[in-house]
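Engineer: I have a structure I would like to understand better, so I am pasting it below and will then ask my questions one at a time.
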Amino acid sequence: MARRVVGIGGTLRPRSSSEMLARAVLAECAALGAEAVMFDGIALSELPHFNPEAPTRNAAEQALVAAVRAADALVIASPGYHGGVSGLVKNAIDLLEDTRGDARVYFDGMPIGLIVSAAGWQAGGVTLAALRGIVHAMRGWPTPVGIAINSIEQKPFGADGTLIDAGIAAQVALQARQIMTFGVSEAA
Ligand SMILES: Cc1cc2nc3c(=O)[nH]c(=O)nc-3n(C[C@H](O)[C@H](O)[C@H](O)COP(=O)(O)O)c2cc1C
């Protein structure tokens with residue numbers, strides 16, 4: 001069965017670079033045989049502020065939790081906002097507390113590609129480290145290749161949305177390969 005990869009992230013900005021990078025990784029995964037689905041900034045903006053005590057979940061919340069439950073791997077992409085993960089993305093991750101009581105707790109055993117876009121290198125580095133910490137806390141396996149771009153110094157996408165930066169394209173392809181081969185033995 002095809003590996004199911006769910007992307008979560010981006011911002012509400014048109015041409016959000018974090019969203020575009022997540023979509024680029026998902027496209028590479030799809031080229032390697034994955035079924036890929038993206039929850040972008042607009043989708044995440046439909047999630048109410050997470051309330052662990054609330055008895056009901058709206059349709060957007062149900063869709064994200066169901067997709068993650070069915071996923072074999074995730075891609076999480078955040079901008080660096082004030083030196084950390086954006087509220088939009090963190091709110092979505094917090095909702096995944098709903099998977100705590102599942103047979104697969106949180107992200108247990110899942111490979112997770114992480115992406116950060118920030119206007120400076122410092123926020124890129126610390127936000128990527130923060131995402132790794134979050135994924136570890138939720139029992140997931142961040143892929144060795146995390147991607148952090150500096151959106152001031154790097155313009156990876158052309159006007160038509162094509163990924164034109166060869167170095168970043170190589171990181172995207174490698175992260176996708178790591179997502180798709182995680183837990184697959186060479187002999188299999
Ligand atoms: C509210 C806010 C806070 C930000 N804080 C930082 C920051 O602390 N460090 C930094 O390098 N860039 C910061 N940025 C810039 C964004 O990280 C940068 O523009 C990023 O590329 C946006 O991602 P996007 O293209 O997916 O929207 C901030 C931007 C906003 C809107």
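Residue numbering restarts at 1 for every chain of the structure tokens, chains are lettered A, B, ... in their displayed order, and ligands are numbered from 1 as they appear.
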Segment 72-161 of chain A: which residues are helix (DSSP H, G or I) by DSSP, as a VMD selection string?
Structural biologist: chain A and resid 87 to 99 121 to 137
Engineer: Residues near segment 60-70 of chain A, anyone? I mean within 8 Å using only C-alpha atoms, not counting same-chain ones fewer than 6 positions away, as JSON, numbers by chain.
Structural biologist: {"A": [4, 6, 39, 43, 44, 46, 47, 95, 96, 98, 99]}
Engineer: How about saving the chosen residues, N, CA and C atoms kept, as a CSV table (one decimal), in the first residue's frame?
Structural biologist:
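out.csv written:
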```csv
chain,number,residue,atom,x,y,z
A,4,ARG,N,1.3,6.9,3.2
A,4,ARG,CA,0.5,8.2,3.2
A,4,ARG,C,1.2,9.2,4.0
A,6,VAL,N,1.3,13.2,5.2
A,6,VAL,CA,0.4,14.4,5.5
A,6,VAL,C,1.3,15.6,5.8
A,39,PHE,N,-2.3,20.1,4.6
A,39,PHE,CA,-3.1,21.0,5.4
A,39,PHE,C,-2.3,22.3,5.5
A,43,ALA,N,-6.2,26.0,5.8
A,43,ALA,CA,-6.8,24.9,6.5
A,43,ALA,C,-6.6,25.0,8.0
A,44,LEU,N,-5.4,25.4,8.3
A,44,LEU,CA,-5.0,25.4,9.8
A,44,LEU,C,-5.8,26.6,10.5
A,46,GLU,N,-8.7,27.3,10.1
A,46,GLU,CA,-10.1,26.9,10.4
A,46,GLU,C,-10.2,26.1,11.7
A,47,LEU,N,-9.0,25.9,12.3
A,47,LEU,CA,-9.0,25.2,13.6
A,47,LEU,C,-9.2,26.2,14.7
A,95,LEU,N,-3.6,20.2,18.8
A,95,LEU,CA,-4.8,19.4,18.5
A,95,LEU,C,-4.5,17.9,18.5
A,96,LEU,N,-3.3,17.6,18.0
A,96,LEU,CA,-3.0,16.2,17.9
A,96,LEU,C,-2.8,15.5,19.2
A,98,ASP,N,-5.2,14.8,20.7
A,98,ASP,CA,-6.3,13.9,20.6
A,98,ASP,C,-5.9,12.5,20.2
A,99,THR,N,-4.7,12.3,19.7
A,99,THR,CA,-4.2,11.0,19.4
A,99,THR,C,-3.4,10.3,20.6
```
Engineer: At a cut-off of 12 Å, using only C-alpha atoms, what residues contact Ile42 of chain A? Leave out same-chain residues fewer than 6 positions from it and give the result as a list in words.
Structural biologist: Ile8, Gly9, Gly10, Thr11, Leu12, Arg13, Pro14, Ser16, Glu19, Ala60, Leu88, Val89 and Ala92 of chain A
Engineer: Measuring atom to atom with only C-alpha atoms, identify which of A:Gly101, A:Gly87, A:Pro52, A:Gly140 is nearest to Gly113 of chain A.
Structural biologist: A:Gly140
Engineer: Enumerate as a PDB file with N, CA, C and O atoms, in the first residue's frame the residues within 7 Å of ligand 1, counting only C-alpha atoms and all ligand atoms.
Structural biologist:
```pdb
ATOM      1  N   GLY A  10       2.722  26.082   6.923  1.00  0.00           N
ATOM      2  CA  GLY A  10       2.603  27.260   6.092  1.00  0.00           C
ATOM      3  C   GLY A  10       2.003  28.409   6.875  1.00  0.00           C
ATOM      4  O   GLY A  10       1.687  28.282   8.061  1.00  0.00           O
ATOM      5  N   THR A  11       1.848  29.509   6.172  1.00  0.00           N
ATOM      6  CA  THR A  11       1.286  30.720   6.783  1.00  0.00           C
ATOM      7  C   THR A  11       0.111  31.181   5.929  1.00  0.00           C
ATOM      8  O   THR A  11      -0.220  30.560   4.918  1.00  0.00           O
ATOM      9  N   LEU A  12      -0.471  32.290   6.323  1.00  0.00           N
ATOM     10  CA  LEU A  12      -1.605  32.829   5.552  1.00  0.00           C
ATOM     11  C   LEU A  12      -1.143  33.801   4.462  1.00  0.00           C
ATOM     12  O   LEU A  12      -1.964  34.394   3.769  1.00  0.00           O
ATOM     13  N   ARG A  13       0.173  33.923   4.310  1.00  0.00           N
ATOM     14  CA  ARG A  13       0.707  34.798   3.260  1.00  0.00           C
ATOM     15  C   ARG A  13       0.561  34.135   1.890  1.00  0.00           C
ATOM     16  O   ARG A  13       0.836  32.938   1.763  1.00  0.00           O
ATOM     17  N   ARG A  15       1.851  32.784  -1.462  1.00  0.00           N
ATOM     18  CA  ARG A  15       3.188  32.246  -1.758  1.00  0.00           C
ATOM     19  C   ARG A  15       4.007  32.038  -0.476  1.00  0.00           C
ATOM     20  O   ARG A  15       5.213  32.292  -0.445  1.00  0.00           O
ATOM     21  N   SER A  16       3.331  31.564   0.568  1.00  0.00           N
ATOM     22  CA  SER A  16       4.048  31.214   1.804  1.00  0.00           C
ATOM     23  C   SER A  16       5.195  30.259   1.461  1.00  0.00           C
ATOM     24  O   SER A  16       4.984  29.182   0.899  1.00  0.00           O
ATOM     25  N   SER A  17       6.421  30.668   1.796  1.00  0.00           N
ATOM     26  CA  SER A  17       7.574  29.839   1.426  1.00  0.00           C
ATOM     27  C   SER A  17       7.609  28.535   2.221  1.00  0.00           C
ATOM     28  O   SER A  17       8.019  27.493   1.691  1.00  0.00           O
ATOM     29  N   SER A  18       7.163  28.587   3.474  1.00  0.00           N
ATOM     30  CA  SER A  18       7.155  27.333   4.248  1.00  0.00           C
ATOM     31  C   SER A  18       6.131  26.362   3.656  1.00  0.00           C
ATOM     32  O   SER A  18       6.391  25.156   3.545  1.00  0.00           O
ATOM     33  N   GLU A  19       4.993  26.892   3.246  1.00  0.00           N
ATOM     34  CA  GLU A  19       3.990  26.014   2.607  1.00  0.00           C
ATOM     35  C   GLU A  19       4.525  25.463   1.277  1.00  0.00           C
ATOM     36  O   GLU A  19       4.377  24.270   0.983  1.00  0.00           O
ATOM     37  N   SER A  78       6.979  25.302   9.427  1.00  0.00           N
ATOM     38  CA  SER A  78       6.613  26.520  10.166  1.00  0.00           C
ATOM     39  C   SER A  78       7.489  27.683   9.731  1.00  0.00           C
ATOM     40  O   SER A  78       8.664  27.492   9.431  1.00  0.00           O
ATOM     41  N   PRO A  79       6.935  28.877   9.780  1.00  0.00           N
ATOM     42  CA  PRO A  79       7.819  30.046   9.705  1.00  0.00           C
ATOM     43  C   PRO A  79       8.476  30.216  11.069  1.00  0.00           C
ATOM     44  O   PRO A  79       7.976  29.693  12.076  1.00  0.00           O
ATOM     45  N   GLY A  80       9.584  30.923  11.102  1.00  0.00           N
ATOM     46  CA  GLY A  80      10.146  31.348  12.381  1.00  0.00           C
ATOM     47  C   GLY A  80       9.466  32.653  12.769  1.00  0.00           C
ATOM     48  O   GLY A  80       9.636  33.672  12.100  1.00  0.00           O
ATOM     49  N   TYR A  81       8.619  32.595  13.761  1.00  0.00           N
ATOM     50  CA  TYR A  81       7.930  33.797  14.247  1.00  0.00           C
ATOM     51  C   TYR A  81       8.458  34.110  15.644  1.00  0.00           C
ATOM     52  O   TYR A  81       8.286  33.307  16.569  1.00  0.00           O
ATOM     53  N   HIS A  82       9.070  35.271  15.780  1.00  0.00           N
ATOM     54  CA  HIS A  82       9.602  35.687  17.086  1.00  0.00           C
ATOM     55  C   HIS A  82      10.445  34.579  17.704  1.00  0.00           C
ATOM     56  O   HIS A  82      10.319  34.243  18.886  1.00  0.00           O
ATOM     57  N   GLY A  83      11.276  34.007  16.855  1.00  0.00           N
ATOM     58  CA  GLY A  83      12.241  33.017  17.331  1.00  0.00           C
ATOM     59  C   GLY A  83      11.656  31.644  17.598  1.00  0.00           C
ATOM     60  O   GLY A  83      12.307  30.824  18.263  1.00  0.00           O
ATOM     61  N   GLY A  84      10.480  31.351  17.079  1.00  0.00           N
ATOM     62  CA  GLY A  84       9.915  30.031  17.362  1.00  0.00           C
ATOM     63  C   GLY A  84       8.864  29.609  16.359  1.00  0.00           C
ATOM     64  O   GLY A  84       8.672  30.245  15.315  1.00  0.00           O
ATOM     65  N   SER A 117      11.027  28.316   7.508  1.00  0.00           N
ATOM     66  CA  SER A 117      11.416  29.490   6.726  1.00  0.00           C
ATOM     67  C   SER A 117      11.426  30.682   7.668  1.00  0.00           C
ATOM     68  O   SER A 117      10.448  30.927   8.381  1.00  0.00           O
ATOM     69  N   ALA A 118      12.538  31.386   7.707  1.00  0.00           N
ATOM     70  CA  ALA A 118      12.644  32.566   8.572  1.00  0.00           C
ATOM     71  C   ALA A 118      13.441  33.638   7.843  1.00  0.00           C
ATOM     72  O   ALA A 118      14.165  33.350   6.890  1.00  0.00           O
ATOM     73  N   ALA A 119      13.308  34.854   8.320  1.00  0.00           N
ATOM     74  CA  ALA A 119      14.011  35.963   7.673  1.00  0.00           C
ATOM     75  C   ALA A 119      15.479  36.023   8.081  1.00  0.00           C
ATOM     76  O   ALA A 119      16.246  36.795   7.502  1.00  0.00           O
ATOM     77  N   GLY A 120      15.857  35.230   9.054  1.00  0.00           N
ATOM     78  CA  GLY A 120      17.255  35.207   9.491  1.00  0.00           C
ATOM     79  C   GLY A 120      17.672  33.789   9.830  1.00  0.00           C
ATOM     80  O   GLY A 120      16.836  32.932  10.102  1.00  0.00           O
ATOM     81  N   TRP A 121      18.986  33.568   9.834  1.00  0.00           N
ATOM     82  CA  TRP A 121      19.495  32.209  10.086  1.00  0.00           C
ATOM     83  C   TRP A 121      19.235  31.772  11.518  1.00  0.00           C
ATOM     84  O   TRP A 121      18.983  30.607  11.798  1.00  0.00           O
ATOM     85  N   GLN A 122      19.316  32.748  12.447  1.00  0.00           N
ATOM     86  CA  GLN A 122      19.170  32.370  13.856  1.00  0.00           C
ATOM     87  C   GLN A 122      17.781  31.781  14.112  1.00  0.00           C
ATOM     88  O   GLN A 122      17.642  30.711  14.728  1.00  0.00           O
ATOM     89  N   ALA A 123      16.732  32.467  13.650  1.00  0.00           N
ATOM     90  CA  ALA A 123      15.368  31.956  13.870  1.00  0.00           C
ATOM     91  C   ALA A 123      15.163  30.636  13.136  1.00  0.00           C
ATOM     92  O   ALA A 123      14.447  29.751  13.623  1.00  0.00           O
ATOM     93  N   GLY A 124      15.798  30.501  11.971  1.00  0.00           N
ATOM     94  CA  GLY A 124      15.681  29.231  11.248  1.00  0.00           C
ATOM     95  C   GLY A 124      16.232  28.084  12.074  1.00  0.00           C
ATOM     96  O   GLY A 124      15.591  27.043  12.218  1.00  0.00           O
ATOM     97  N   ASN A 150      16.542  30.819   4.665  1.00  0.00           N
ATOM     98  CA  ASN A 150      16.526  32.249   4.993  1.00  0.00           C
ATOM     99  C   ASN A 150      15.786  32.947   3.855  1.00  0.00           C
ATOM    100  O   ASN A 150      16.298  33.042   2.733  1.00  0.00           O
ATOM    101  N   SER A 151      14.562  33.404   4.147  1.00  0.00           N
ATOM    102  CA  SER A 151      13.705  33.904   3.063  1.00  0.00           C
ATOM    103  C   SER A 151      14.113  35.279   2.562  1.00  0.00           C
ATOM    104  O   SER A 151      13.581  35.750   1.552  1.00  0.00           O
TER     105      SER A 151
END
```
Engineer: I'd like the contact shell of Ala30 of chain A - 12 Å cut-off, only C-alpha atoms, skipping same-chain residues fewer than 6 positions apart - returned as a list in words.
Structural biologist: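 The residues that qualify are Ala2, Arg3, Arg4, Val5, Val6, Gly7, Arg23, Ala24, Ala36, Val37, Met38, Ala173, Ala176, Arg177, Ile179 and Met180 of chain A.
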Engineer: Mind running segment 57-115 of chain A against segment 128-135 of chain A at 8 Å and telling me each contacting residue's nearest atom pair with the distance in Å (one decimal), counting only C-alpha atoms, chain and number ascending, as a tab-separated table?
Structural biologist:
```
residue	atom	partner	partner_atom	distance
A:Gly84	CA	A:Ala130	CA	7.0
A:Val85	CA	A:Leu131	CA	7.2
A:Phe107	CA	A:Val135	CA	7.5
A:Ile112	CA	A:Val135	CA	7.7
A:Leu114	CA	A:Leu128	CA	7.0
A:Ile115	CA	A:Leu128	CA	7.0
```
